[in-house]
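Okay, structure first, notes after.
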Amino acid sequence: KIFMNTLKYLQSNEFLLDVDLWRLFANLEELNKISLSFLKSFFETVKEHVSKSDSPMDFSSILRKFFQGDLCQTHQIYCLNYTSAVFYLENLRPREDFGIYLKAGIIPPVQWCEQNKQCKRLHLPELLVAPLHRLTRYPLLLDNIWKRSTDETEKGFIWSLKGKVEKSIRDLEGKVKWLDNFQKFRQLQEVIIWPQVWDRDKRFFVPEYLKQSVRENSSENILSSVNRLLLHEGRLTLAESTRLLDVYLFLFDDFLLITKIKRNKKKYGGSDTGLIPVCPSLTPELQSFIREGGFCTVLDQPIPLDRLILKNVDPVHVTVFSLRNAFLIQHENRYRQCIAVFLLQAQTETAKKTWMSQIETAISNYTMQHETKKSTAFCFPAESSEI
């Protein structure tokens with residue numbers, strides 16, 4: 001509330017008017033009001049019992065009112081906005097005026113925000129997560145009340161309520177993960193550039209007047225699936241015939257994507273990548289890379305996991321070919337013909353083993369998921385783009 005009220009005060013004085021209060025704090029005021037009301041009602045019951053020893057300590061009506069009412073629902077609204085709030089905050093923090101607001105406010109003698117003693121030296125990101133932690137403690141509270149209750153009817157009601165709250169939290173965790181994955185993939189769609197086929201391979205000649213009709217508009221939509229998962233990612237070195245190329249690999253649960261690292265300030269197509277908000281769930285390396293104006297250009301077509309062959313490069317070749325921590329990725333078409341080979345080097349032997357382990361596990365899981373489909377129907381595989 002210290003941060004929120006300070007921002008309100010500043011905006012009333014025409015500072016930081018472009019900062020969206022809801023995107024940062026969501027329904028914090030409503031959440032605080034309901035939580036405080038629950039707390040007061042709870043302690044009123046305890047107080048009444050202490051002052052009147054013959055008065056039974058009945059929590060059922062309070063628990064029914066709040067836990068079957070707005071308490072958990074208000075928490076859910078806040079929690080679902082949390083990832084977006086952190087995302088928004090990270091992109092505001094580099095601003096000088098916003099940094100002044102976070103640290104001290106506009107009037108130095110006033111101890112606002114981070115300098116306020118009530119904040120106990122905690123920063124805004126550490127405070128924003130507090131309501132999520134509180135929600136997870138409600139089942140513990142209900143469990144403690146249940147243990148101390150002597151009325152069997154009340155015990156049954158509290159136990160049932162505890163189960164509903166736990167289910168609500170599990171459902172929320174699923175929604176938060178889905179939203180986090182959605183935002184991550186939306187960011188990747190901005191950062192990963194898909195060149196046209198004639199730009200990827202100079203063998204393909206398409207006259208200018210025909211390019212529009214064969215343009216690959218659907219490539220970027222590959223990353224729009226809400227069911228796809230990013231399993232592993234990172235920077236490696238690709239050994240080409242005359243040079244070593246910095247590449248960034250994305251291992252999804254159904255294909256591997258190899259991209260070239262570009263450091264231009266302008267993205268493919270001419271827009272400015274420096275203006276792209278950076279998703280906090282991306283790796284720190286990729287976040288830093290994006291902030292510097294970098295992007296990733298797809299080197300070759302995606303490699304489906306059922307068409308990927310992984311091979312280790314023996315350490316004996318280190319001295320012969322100057323290869324270190326190397327492994328080979330082979331792309332086969334549906335006729336089991338090799339159509340592409342990528343010789344990759346990791347920075348360390350541990351990083352190499354991690355990559356190979358991640359790819360092998362991904363292939364194994366993908367194969368297991370599709371075994372059932374293959375065994376239930378006899379049909380030829382669909383024609384694919386890699387032929």
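Identifiers for the structure tokens are assigned positionally: chains receive A, B, ... in sequence, residues are indexed from 1 per chain, and ligands are indexed from 1 in the order shown.
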
request  = Excluding Lys353 in chain A and residues on its chain fewer than 5 positions from it, collect all residues at most 12 Å away from it, counting only C-alpha atoms, and give them as a ChimeraX atom specification.
outcome  = /A:310-313,325-327,345-348,358-360

task = Mind listing the alpha helix (DSSP H) residues of range 167-267 of chain A, per DSSP on the backbone, as a PyMOL selection string?
result = chain A and resi 167-191+197-200+208-214

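Coordinates place CA of Ile309 in chain A at a distance of 4.9 Å from CA of Gln330 in chain A.
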
inquiry  = When you look at Thr150 in chain A with a cut-off of 12 Å (counting only C-alpha atoms), what residues show up, excluding the ones that are within fewer than 6 positions of it in the same chain? I need them as a list of chain:residue names.
reply    = A:Pro56, A:Met57, A:Asp58, A:Phe59, A:Gly156, A:Ile158

Mind checking which residues fall within 10 Å of Ser288 in chain A, counting only C-alpha atoms, ignoring those fewer than 6 positions away in the same chain, and posting them as a compact mmCIF listing (two decimals) with N, CA, C and O atoms, in the first residue's frame?
```
# COMPACT_ATOMS: atom_id res chain seq x y z
N VAL A 278 10.49 -7.12 -21.98
CA VAL A 278 11.20 -8.38 -21.75
C VAL A 278 10.47 -9.20 -20.69
O VAL A 278 10.24 -8.74 -19.58
N LEU A 282 11.86 -15.58 -19.13
CA LEU A 282 12.92 -16.00 -20.05
C LEU A 282 14.24 -16.09 -19.28
O LEU A 282 14.38 -15.52 -18.21
N GLY A 294 19.12 -7.36 -29.57
CA GLY A 294 19.38 -8.56 -30.35
C GLY A 294 18.12 -9.32 -30.69
O GLY A 294 17.06 -9.11 -30.11
```

task = Pull the strand (DSSP E or B) assignments for range 187-383 of chain A out of DSSP run on the backbone, and list those residues as a PyMOL selection string.
result = chain A and resi 192-193+230-239+244-252+255-262+266+272+295-298+303-304+308-312+326-332+338-345

task = With a distance cut-off of 12 Å and only C-alpha atoms, select the neighbouring residues of Gln11 in chain A, excluding the residue or stretch itself and same-chain residues fewer than 6 positions from it, and output the selection as a PyMOL selection string.
result = chain A and resi 4-5+17-21+98+101+105-106

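Here the question is which of A:Val176, A:Leu305, A:Leu344, A:Leu31 gets nearest to Asp246 in chain A using only C-alpha atoms, and that residue is A:Leu344.
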
query = Counting only C-alpha atoms, what is within 12 Å of range 119-126 of chain A, bar same-chain residues fewer than 3 positions away, as a PyMOL selection string?
reply = chain A and resi 1-4+24-25+82-90+93+99+101-104+111-116+129-133+280

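Shortest atom-to-atom contact with Gln73 in chain A among A:Asn365, A:Lys117, A:Ser168, A:Ser51: A:Ser168, counting only C-alpha atoms.
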